[in-house]
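File shown: final00.txt (compact mmCIF, C-alpha atoms).
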```txt
# COMPACT_ATOMS: atom_id res chain seq x y z
CA MET C 619 60.04 57.01 -134.65
CA GLN C 620 62.14 59.84 -133.19
CA GLU C 621 60.67 63.25 -134.09
CA ASP C 622 63.59 64.40 -136.27
CA ARG C 623 63.55 61.17 -138.21
CA GLN C 624 59.78 61.33 -138.66
CA ARG C 625 60.02 64.89 -140.00
CA ASP C 626 62.75 63.87 -142.45
CA VAL C 627 60.71 60.87 -143.63
CA LEU C 628 57.59 63.02 -144.14
CA LYS C 629 59.55 65.58 -146.17
CA ARG C 630 60.92 62.81 -148.36
CA LEU C 631 57.45 61.30 -148.82
CA SER C 632 56.10 64.68 -149.97
CA TYR C 633 58.92 64.87 -152.48
CA ILE C 634 58.13 61.34 -153.74
CA GLU C 635 54.43 62.23 -154.04
CA GLY C 636 55.34 65.25 -156.18
CA HIS C 637 57.63 63.09 -158.27
CA VAL C 638 54.94 60.48 -158.95
CA ALA C 639 52.44 63.25 -159.81
CA GLY C 640 55.02 64.56 -162.31
CA ILE C 641 55.30 61.11 -163.89
CA HIS C 642 51.49 60.94 -164.12
CA LYS C 643 51.54 64.21 -166.08
CA MET C 644 54.35 62.95 -168.33
CA VAL C 645 52.29 59.87 -169.24
CA GLU C 646 49.16 61.94 -169.84
CA GLU C 647 51.12 64.19 -172.20
CA ASP C 648 52.54 61.09 -173.88
CA ASN C 649 56.20 61.94 -173.18
CA TYR C 650 58.96 59.70 -174.49
CA CYS C 651 58.98 56.27 -172.74
CA VAL C 652 62.69 56.38 -171.96
CA ASP C 653 62.31 59.73 -170.16
CA ILE C 654 59.41 58.33 -168.14
CA LEU C 655 61.44 55.25 -167.14
CA ARG C 656 64.32 57.47 -165.99
CA GLN C 657 61.87 59.17 -163.63
CA THR C 658 60.42 55.92 -162.25
CA TYR C 659 63.98 54.73 -161.53
CA ALA C 660 64.59 57.96 -159.61
CA VAL C 661 61.49 57.21 -157.51
CA HIS C 662 62.92 53.76 -156.60
CA LYS C 663 66.10 55.50 -155.49
CA ALA C 664 64.24 58.04 -153.35
CA LEU C 665 62.16 55.23 -151.80
CA GLU C 666 65.29 53.23 -150.98
CA LYS C 667 66.84 56.21 -149.21
CA LEU C 668 63.62 56.56 -147.20
CA GLU C 669 63.67 52.86 -146.29
CA GLN C 670 67.23 53.14 -145.04
CA ILE C 671 66.26 56.01 -142.76
CA ILE C 672 63.25 54.12 -141.38
CA LEU C 673 65.24 50.91 -140.94
CA GLU C 674 68.04 52.83 -139.20
CA GLY C 675 65.53 54.15 -136.67
CA HIS C 676 64.14 50.65 -136.20
CA LEU C 677 67.58 49.13 -135.65
CA LEU C 678 68.77 51.88 -133.33
CA THR C 679 65.74 51.90 -131.02
CA TYR C 680 63.18 49.14 -131.40
CA VAL C 681 65.55 46.20 -132.01
CA PRO C 682 67.79 46.69 -128.93
CA GLU C 683 64.74 47.42 -126.74
CA GLY C 684 63.00 44.29 -128.03
CA ILE C 685 66.01 42.07 -127.44
CA ARG C 686 66.54 43.36 -123.90
CA GLY C 687 62.77 43.16 -123.30
CA ASN C 688 62.51 39.44 -124.08
CA ARG C 689 60.87 39.92 -127.44
CA GLU C 690 64.02 38.64 -129.16
CA GLN C 691 62.34 35.92 -131.24
CA GLU C 692 59.76 38.32 -132.62
CA VAL C 693 62.28 41.10 -133.37
CA ILE C 694 64.71 38.78 -135.16
CA GLN C 695 61.97 37.08 -137.19
CA GLU C 696 60.78 40.47 -138.41
CA LEU C 697 64.28 41.50 -139.49
CA LEU C 698 64.58 38.25 -141.44
CA GLN C 699 61.24 38.88 -143.10
CA LEU C 700 62.23 42.44 -144.06
CA TYR C 701 65.40 41.18 -145.66
CA ARG C 702 63.55 38.45 -147.53
CA ILE C 703 60.93 40.88 -148.85
CA ALA C 704 63.53 43.50 -149.80
CA GLY C 705 65.61 40.91 -151.65
CA ASN C 706 62.63 39.65 -153.67
CA PRO C 707 60.78 42.79 -154.62
CA MET N 576 78.09 29.50 -137.73
CA GLN N 577 76.18 26.48 -136.41
CA GLU N 578 77.49 23.26 -137.95
CA ASP N 579 74.29 22.37 -139.84
CA ARG N 580 74.09 25.83 -141.32
CA GLN N 581 77.76 25.78 -142.30
CA ARG N 582 77.32 22.43 -144.05
CA ASP N 583 74.28 23.74 -145.94
CA VAL N 584 76.18 26.89 -146.98
CA LEU N 585 79.18 24.86 -148.20
CA LYS N 586 76.94 22.59 -150.26
CA ARG N 587 75.31 25.61 -151.85
CA LEU N 588 78.69 27.20 -152.57
CA SER N 589 79.85 24.02 -154.34
CA TYR N 590 76.71 24.14 -156.44
CA ILE N 591 77.36 27.81 -157.31
CA GLU N 592 80.98 27.01 -158.22
CA GLY N 593 79.75 24.31 -160.61
CA HIS N 594 77.20 26.71 -162.06
CA VAL N 595 79.81 29.42 -162.74
CA ALA N 596 82.14 26.82 -164.28
CA GLY N 597 79.25 25.82 -166.56
CA ILE N 598 78.78 29.46 -167.62
CA HIS N 599 82.52 29.68 -168.33
CA LYS N 600 82.19 26.71 -170.69
CA MET N 601 79.10 28.24 -172.35
CA VAL N 602 81.04 31.44 -173.10
CA GLU N 603 84.06 29.50 -174.40
CA GLU N 604 81.79 27.55 -176.75
CA ASP N 605 80.18 30.85 -177.80
CA ASN N 606 76.63 29.89 -176.74
CA TYR N 607 73.74 32.26 -177.35
CA CYS N 608 73.97 35.41 -175.16
CA VAL N 609 70.41 35.16 -173.91
CA ASP N 610 71.00 31.61 -172.65
CA ILE N 611 74.16 32.76 -170.86
CA LEU N 612 72.30 35.65 -169.20
CA ARG N 613 69.59 33.26 -167.98
CA GLN N 614 72.32 31.29 -166.22
CA THR N 615 73.97 34.34 -164.62
CA TYR N 616 70.55 35.38 -163.29
CA ALA N 617 70.18 31.90 -161.75
CA VAL N 618 73.54 32.40 -159.99
CA HIS N 619 72.27 35.68 -158.46
CA LYS N 620 69.26 33.77 -157.17
CA ALA N 621 71.39 30.98 -155.66
CA LEU N 622 73.67 33.58 -154.03
CA GLU N 623 70.69 35.42 -152.55
CA LYS N 624 69.38 32.21 -150.99
CA LEU N 625 72.84 31.61 -149.51
CA GLU N 626 72.95 35.16 -148.11
CA GLN N 627 69.58 34.68 -146.44
CA ILE N 628 70.82 31.53 -144.72
CA ILE N 629 74.02 33.26 -143.52
CA LEU N 630 72.12 36.35 -142.39
CA GLU N 631 69.59 34.19 -140.58
CA GLY N 632 72.39 32.57 -138.60
CA HIS N 633 73.87 35.97 -137.84
CA LEU N 634 70.54 37.38 -136.65
CA LEU N 635 69.66 34.32 -134.57
CA THR N 636 72.96 34.02 -132.71
CA TYR N 637 75.45 36.84 -133.05
CA VAL N 638 73.06 39.81 -132.93
CA PRO N 639 71.25 38.88 -129.68
CA GLU N 640 74.56 37.88 -128.04
CA GLY N 641 76.12 41.17 -129.10
CA ILE N 642 73.23 43.26 -127.82
CA ARG N 643 73.18 41.49 -124.47
CA GLY N 644 77.00 41.66 -124.34
CA ASN N 645 77.18 45.44 -124.64
CA ARG N 646 78.37 45.43 -128.23
CA GLU N 647 75.02 46.90 -129.30
CA GLN N 648 76.43 49.91 -131.19
CA GLU N 649 78.79 47.73 -133.22
CA VAL N 650 76.16 45.06 -134.00
CA ILE N 651 73.54 47.57 -135.12
CA GLN N 652 76.00 49.57 -137.25
CA GLU N 653 77.00 46.38 -139.06
CA LEU N 654 73.37 45.48 -139.79
CA LEU N 655 72.84 48.95 -141.23
CA GLN N 656 75.92 48.59 -143.39
CA LEU N 657 74.79 45.19 -144.67
CA TYR N 658 71.43 46.62 -145.65
CA ARG N 659 73.06 49.59 -147.38
CA ILE N 660 75.46 47.39 -149.35
CA ALA N 661 72.71 44.91 -150.29
CA GLY N 662 70.42 47.72 -151.48
CA ASN N 663 73.12 49.27 -153.67
CA PRO N 664 74.83 46.33 -155.30
CA MET J 970 80.11 37.27 -179.31
CA GLN J 971 82.92 39.42 -180.74
CA GLU J 972 86.33 37.99 -179.84
CA ASP J 973 87.43 40.93 -177.67
CA ARG J 974 84.22 40.85 -175.72
CA GLN J 975 84.42 37.08 -175.28
CA ARG J 976 87.98 37.36 -173.94
CA ASP J 977 86.92 40.09 -171.49
CA VAL J 978 83.94 37.99 -170.31
CA LEU J 979 86.13 34.90 -169.80
CA LYS J 980 88.66 36.90 -167.78
CA ARG J 981 85.88 38.23 -165.58
CA LEU J 982 84.43 34.74 -165.13
CA SER J 983 87.81 33.43 -163.97
CA TYR J 984 87.95 36.26 -161.46
CA ILE J 985 84.44 35.41 -160.21
CA GLU J 986 85.38 31.72 -159.91
CA GLY J 987 88.38 32.67 -157.77
CA HIS J 988 86.19 34.94 -155.69
CA VAL J 989 83.62 32.20 -155.00
CA ALA J 990 86.42 29.74 -154.14
CA GLY J 991 87.70 32.34 -151.65
CA ILE J 992 84.24 32.56 -150.06
CA HIS J 993 84.14 28.75 -149.84
CA LYS J 994 87.40 28.86 -147.88
CA MET J 995 86.09 31.64 -145.63
CA VAL J 996 83.04 29.54 -144.73
CA GLU J 997 85.17 26.43 -144.12
CA GLU J 998 87.38 28.42 -141.76
CA ASP J 999 84.26 29.79 -140.08
CA ASN J 1000 85.03 33.47 -140.77
CA TYR J 1001 82.75 36.19 -139.45
CA CYS J 1002 79.33 36.17 -141.22
CA VAL J 1003 79.40 39.88 -142.00
CA ASP J 1004 82.74 39.55 -143.79
CA ILE J 1005 81.38 36.63 -145.82
CA LEU J 1006 78.28 38.62 -146.81
CA ARG J 1007 80.45 41.53 -147.97
CA GLN J 1008 82.19 39.11 -150.32
CA THR J 1009 78.97 37.62 -151.70
CA TYR J 1010 77.73 41.15 -152.42
CA ALA J 1011 80.95 41.81 -154.33
CA VAL J 1012 80.24 38.71 -156.45
CA HIS J 1013 76.78 40.10 -157.34
CA LYS J 1014 78.46 43.29 -158.45
CA ALA J 1015 81.03 41.47 -160.58
CA LEU J 1016 78.26 39.36 -162.16
CA GLU J 1017 76.23 42.46 -162.98
CA LYS J 1018 79.17 44.07 -164.75
CA LEU J 1019 79.57 40.84 -166.74
CA GLU J 1020 75.88 40.84 -167.66
CA GLN J 1021 76.11 44.41 -168.91
CA ILE J 1022 78.99 43.49 -171.18
CA ILE J 1023 77.14 40.45 -172.56
CA LEU J 1024 73.92 42.40 -173.01
CA GLU J 1025 75.80 45.22 -174.74
CA GLY J 1026 77.16 42.73 -177.27
CA HIS J 1027 73.68 41.29 -177.75
CA LEU J 1028 72.11 44.71 -178.29
CA LEU J 1029 74.84 45.95 -180.62
CA THR J 1030 74.93 42.92 -182.93
CA TYR J 1031 72.19 40.32 -182.56
CA VAL J 1032 69.22 42.63 -181.95
CA PRO J 1033 69.68 44.88 -185.01
CA GLU J 1034 70.47 41.86 -187.23
CA GLY J 1035 67.37 40.08 -185.95
CA ILE J 1036 65.09 43.05 -186.52
CA ARG J 1037 66.38 43.59 -190.06
CA GLY J 1038 66.24 39.83 -190.69
CA ASN J 1039 62.53 39.51 -189.91
CA ARG J 1040 63.05 37.85 -186.55
CA GLU J 1041 61.70 40.98 -184.84
CA GLN J 1042 59.00 39.26 -182.77
CA GLU J 1043 61.45 36.72 -181.38
CA VAL J 1044 64.17 39.28 -180.63
CA ILE J 1045 61.82 41.67 -178.83
CA GLN J 1046 60.14 38.92 -176.82
CA GLU J 1047 63.56 37.75 -175.61
CA LEU J 1048 64.53 41.28 -174.51
CA LEU J 1049 61.28 41.52 -172.56
CA GLN J 1050 61.95 38.18 -170.90
CA LEU J 1051 65.50 39.22 -169.94
CA TYR J 1052 64.18 42.39 -168.35
CA ARG J 1053 61.47 40.47 -166.48
CA ILE J 1054 63.94 37.88 -165.15
CA ALA J 1055 66.51 40.55 -164.18
CA GLY J 1056 63.86 42.57 -162.35
CA ASN J 1057 62.67 39.55 -160.34
CA PRO J 1058 65.82 37.75 -159.36
CA MET Y 243 52.34 54.93 -176.24
CA GLN Y 244 49.36 52.97 -177.57
CA GLU Y 245 46.10 54.23 -176.03
CA ASP Y 246 45.27 51.02 -174.14
CA ARG Y 247 48.73 50.86 -172.66
CA GLN Y 248 48.62 54.54 -171.67
CA ARG Y 249 45.27 54.03 -169.93
CA ASP Y 250 46.62 51.02 -168.04
CA VAL Y 251 49.75 52.96 -166.99
CA LEU Y 252 47.68 55.93 -165.77
CA LYS Y 253 45.43 53.66 -163.73
CA ARG Y 254 48.46 52.07 -162.13
CA LEU Y 255 50.01 55.47 -161.40
CA SER Y 256 46.81 56.58 -159.64
CA TYR Y 257 46.99 53.44 -157.53
CA ILE Y 258 50.64 54.14 -156.65
CA GLU Y 259 49.79 57.75 -155.74
CA GLY Y 260 47.09 56.48 -153.36
CA HIS Y 261 49.53 53.98 -151.92
CA VAL Y 262 52.19 56.63 -151.22
CA ALA Y 263 49.56 58.92 -149.68
CA GLY Y 264 48.61 56.01 -147.41
CA ILE Y 265 52.24 55.60 -146.35
CA HIS Y 266 52.41 59.34 -145.63
CA LYS Y 267 49.46 58.95 -143.29
CA MET Y 268 51.03 55.89 -141.61
CA VAL Y 269 54.19 57.88 -140.85
CA GLU Y 270 52.19 60.86 -139.55
CA GLU Y 271 50.30 58.56 -137.21
CA ASP Y 272 53.60 56.98 -136.16
CA ASN Y 273 52.70 53.42 -137.23
CA TYR Y 274 55.11 50.57 -136.62
CA CYS Y 275 58.26 50.86 -138.80
CA VAL Y 276 58.07 47.29 -140.07
CA ASP Y 277 54.52 47.83 -141.33
CA ILE Y 278 55.61 51.00 -143.12
CA LEU Y 279 58.52 49.20 -144.79
CA ARG Y 280 56.18 46.45 -146.00
CA GLN Y 281 54.17 49.16 -147.76
CA THR Y 282 57.19 50.86 -149.35
CA TYR Y 283 58.30 47.46 -150.70
CA ALA Y 284 54.84 47.03 -152.24
CA VAL Y 285 55.28 50.39 -153.98
CA HIS Y 286 58.57 49.19 -155.52
CA LYS Y 287 56.73 46.15 -156.82
CA ALA Y 288 53.91 48.23 -158.31
CA LEU Y 289 56.46 50.56 -159.94
CA GLU Y 290 58.35 47.61 -161.43
CA LYS Y 291 55.18 46.24 -163.00
CA LEU Y 292 54.53 49.70 -164.47
CA GLU Y 293 58.06 49.87 -165.87
CA GLN Y 294 57.65 46.49 -167.53
CA ILE Y 295 54.49 47.69 -169.26
CA ILE Y 296 56.15 50.90 -170.45
CA LEU Y 297 59.28 49.05 -171.59
CA GLU Y 298 57.16 46.47 -173.40
CA GLY Y 299 55.48 49.27 -175.38
CA HIS Y 300 58.87 50.79 -176.13
CA LEU Y 301 60.33 47.48 -177.31
CA LEU Y 302 57.29 46.54 -179.40
CA THR Y 303 56.92 49.85 -181.25
CA TYR Y 304 59.71 52.41 -180.92
CA VAL Y 305 62.72 50.05 -181.02
CA PRO Y 306 61.83 48.22 -184.27
CA GLU Y 307 60.79 51.52 -185.92
CA GLY Y 308 64.05 53.13 -184.86
CA ILE Y 309 66.19 50.28 -186.13
CA ARG Y 310 64.43 50.19 -189.48
CA GLY Y 311 64.53 54.01 -189.63
CA ASN Y 312 68.30 54.26 -189.32
CA ARG Y 313 68.28 55.44 -185.74
CA GLU Y 314 69.78 52.13 -184.63
CA GLN Y 315 72.77 53.59 -182.75
CA GLU Y 316 70.55 55.90 -180.72
CA VAL Y 317 67.92 53.24 -179.95
CA ILE Y 318 70.49 50.65 -178.82
CA GLN Y 319 72.44 53.14 -176.70
CA GLU Y 320 69.22 54.09 -174.90
CA LEU Y 321 68.38 50.45 -174.16
CA LEU Y 322 71.86 49.96 -172.72
CA GLN Y 323 71.46 53.05 -170.55
CA LEU Y 324 68.07 51.85 -169.28
CA TYR Y 325 69.55 48.51 -168.29
CA ARG Y 326 72.50 50.18 -166.58
CA ILE Y 327 70.25 52.55 -164.61
CA ALA Y 328 67.81 49.76 -163.67
CA GLY Y 329 70.65 47.51 -162.50
CA ASN Y 330 72.16 50.21 -160.26
CA PRO Y 331 69.20 51.85 -158.59
```
Render the structure in this file as structure tokens.
Amino acid sequence: MQEDRQRDVLKRLSYIEGHVAGIHKMVEEDNYCVDILRQTYAVHKALEKLEQIILEGHLLTYVPEGIRGNREQEVIQELLQLYRIAGNP
Amino acid sequence: MQEDRQRDVLKRLSYIEGHVAGIHKMVEEDNYCVDILRQTYAVHKALEKLEQIILEGHLLTYVPEGIRGNREQEVIQELLQLYRIAGNP
Amino acid sequence: MQEDRQRDVLKRLSYIEGHVAGIHKMVEEDNYCVDILRQTYAVHKALEKLEQIILEGHLLTYVPEGIRGNREQEVIQELLQLYRIAGNP
Amino acid sequence: MQEDRQRDVLKRLSYIEGHVAGIHKMVEEDNYCVDILRQTYAVHKALEKLEQIILEGHLLTYVPEGIRGNREQEVIQELLQLYRIAGNP
């Protein structure tokens, strides 16, 4: 991953880790279920943003390199797999 | 799209059209909401299968052609957009 | 379903049917894959709006009636099932 | 939340925290993007299972109590909101 992108991803992961730790505390303190669910939904959202940034890096660098470097089959199969996994979480 | 793939996609679209028409009839006859929702969920599933087949064709033919044909920027930007739209339906 | 809600749902279903018929035509005429996918994503979105309206009706009328009418177990189990199906489409 | 359910949720949260920490390490060590994305998808899945367990508790205890205790409007509005948020992550 490019350095800037990696730094951004790490910052976002730290934020997500703090968020999940906060949810852990909410459950320990027996907070209201609906409030807890609102927080878990926010974690999904933060994860999705992270995935977009990682995928963008992958598409901008690895995919074109792979296709020009005769690893086309492998690169395309992986993109298909990612889409299939993402669509059936 | 390759001919086989196109034929498969058209068959699936006809099936989806019949499915939606069936839901229309269920609502007209005031069927139970939960049964209607089960059917709309099945339509999502059928659509997702269709999208995978279309995307597979795109990735296997158009994307490698585009990257080798110097339309790399355009091809990659479109893939990013597709992922963004799919992830935020 | 209340009459107003039913009318709204039927109107939306007609719109979705037209939309899917349009996609069918796009595939027949071999339109660009990315444009087709944008349309199928729009159908997901329209279906989700429809589901919200149906679920709203269910929650506002059937669920409270069921719970007060001693069909609590059944009503709650169905809501759980709907959530499970929606979350794993 | 019932005690058993709370214990189960906390165990699952600890697992998710470990999982996210593992992803953090993968990014620091510049692992392959596709492998990282496979792990973030697994976190979504683990979170969704957690949400189902929390929602189940909410539906089995709080919702029926609320409806019988004349907080019907509030309880139903919250369920609608949860569905809306979950459907548009």
Distance query J:Arg974 at most 10 Å, all atoms listed in the file, self and fewer than 5 positions along chain excluded, as an mmCIF file with C-alpha atoms, in the coordinates of the input:
```cif
data_model
loop_
_atom_site.group_PDB
_atom_site.id
_atom_site.type_symbol
_atom_site.label_atom_id
_atom_site.label_comp_id
_atom_site.auth_asym_id
_atom_site.auth_seq_id
_atom_site.Cartn_x
_atom_site.Cartn_y
_atom_site.Cartn_z
ATOM 1 C CA LEU J 979 86.130 34.900 -169.800
ATOM 2 C CA LYS J 980 88.660 36.900 -167.780
ATOM 3 C CA ILE J 1022 78.990 43.490 -171.180
ATOM 4 C CA ILE J 1023 77.140 40.450 -172.560
ATOM 5 C CA GLU J 1025 75.800 45.220 -174.740
ATOM 6 C CA GLY J 1026 77.160 42.730 -177.270
#
```
Can you list, as a PDB file with C-alpha atoms, keeping the file's coordinate frame, every protein, DNA or RNA residue that comes within 10 Å of C:Arg630 when you count only C-alpha atoms, leaving out same-chain residues fewer than 2 positions away?
```
ATOM      1  CA  GLN C 624      59.780  61.330-138.660  1.00  0.00           C
ATOM      2  CA  ARG C 625      60.020  64.890-140.000  1.00  0.00           C
ATOM      3  CA  ASP C 626      62.750  63.870-142.450  1.00  0.00           C
ATOM      4  CA  VAL C 627      60.710  60.870-143.630  1.00  0.00           C
ATOM      5  CA  LEU C 628      57.590  63.020-144.140  1.00  0.00           C
ATOM      6  CA  SER C 632      56.100  64.680-149.970  1.00  0.00           C
ATOM      7  CA  TYR C 633      58.920  64.870-152.480  1.00  0.00           C
ATOM      8  CA  ILE C 634      58.130  61.340-153.740  1.00  0.00           C
ATOM      9  CA  GLU C 635      54.430  62.230-154.040  1.00  0.00           C
ATOM     10  CA  GLY C 636      55.340  65.250-156.180  1.00  0.00           C
ATOM     11  CA  ALA C 664      64.240  58.040-153.350  1.00  0.00           C
ATOM     12  CA  LEU C 665      62.160  55.230-151.800  1.00  0.00           C
ATOM     13  CA  LYS C 667      66.840  56.210-149.210  1.00  0.00           C
ATOM     14  CA  LEU C 668      63.620  56.560-147.200  1.00  0.00           C
TER      15      LEU C 668
ATOM     16  CA  HIS Y 266      52.410  59.340-145.630  1.00  0.00           C
TER      17      HIS Y 266
END
```
| message | At a cut-off of 10 Å, using all atoms listed in the file, what residues contact N:Leu654? Leave out same-chain residues fewer than 2 positions from it and give the result as a list in words. | response | Leu673, Glu674, Leu677 and Leu697 of chain C; Leu630, His633, Leu634, Val638, Glu649, Val650, Ile651, Gln652, Gln656, Leu657, Tyr658, Arg659 and Ile660 of chain N; Val1003 of chain J
Could you write those residues out with C-alpha atoms, as a PDB file, keeping the file's coordinate frame?
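The resulting file, again.pdb, is reproduced below:
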```pdb
ATOM      1  CA  LEU C 673      65.240  50.910-140.940  1.00  0.00           C
ATOM      2  CA  GLU C 674      68.040  52.830-139.200  1.00  0.00           C
ATOM      3  CA  LEU C 677      67.580  49.130-135.650  1.00  0.00           C
ATOM      4  CA  LEU C 697      64.280  41.500-139.490  1.00  0.00           C
TER       5      LEU C 697
ATOM      6  CA  LEU N 630      72.120  36.350-142.390  1.00  0.00           C
ATOM      7  CA  HIS N 633      73.870  35.970-137.840  1.00  0.00           C
ATOM      8  CA  LEU N 634      70.540  37.380-136.650  1.00  0.00           C
ATOM      9  CA  VAL N 638      73.060  39.810-132.930  1.00  0.00           C
ATOM     10  CA  GLU N 649      78.790  47.730-133.220  1.00  0.00           C
ATOM     11  CA  VAL N 650      76.160  45.060-134.000  1.00  0.00           C
ATOM     12  CA  ILE N 651      73.540  47.570-135.120  1.00  0.00           C
ATOM     13  CA  GLN N 652      76.000  49.570-137.250  1.00  0.00           C
ATOM     14  CA  GLN N 656      75.920  48.590-143.390  1.00  0.00           C
ATOM     15  CA  LEU N 657      74.790  45.190-144.670  1.00  0.00           C
ATOM     16  CA  TYR N 658      71.430  46.620-145.650  1.00  0.00           C
ATOM     17  CA  ARG N 659      73.060  49.590-147.380  1.00  0.00           C
ATOM     18  CA  ILE N 660      75.460  47.390-149.350  1.00  0.00           C
TER      19      ILE N 660
ATOM     20  CA  VAL J1003      79.400  39.880-142.000  1.00  0.00           C
TER      21      VAL J1003
END
```
| query | By how many Å are atom CA of N:Pro639 and atom CA of C:Gln691 apart? | reply |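 These atoms are spaced 9.5 Å apart.
Here atom CA of C:Val638 and atom CA of Y:Lys287 stand 14.6 Å from one another.
Coordinates place atom CA of Y:Glu307 at a distance of 17.9 Å from atom CA of Y:Glu245.
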| Which residue gives the smallest distance to chain Y among C:Glu696, C:Glu690, C:Ile685, C:Thr679, with all atoms listed in the file counted? | C:Glu696
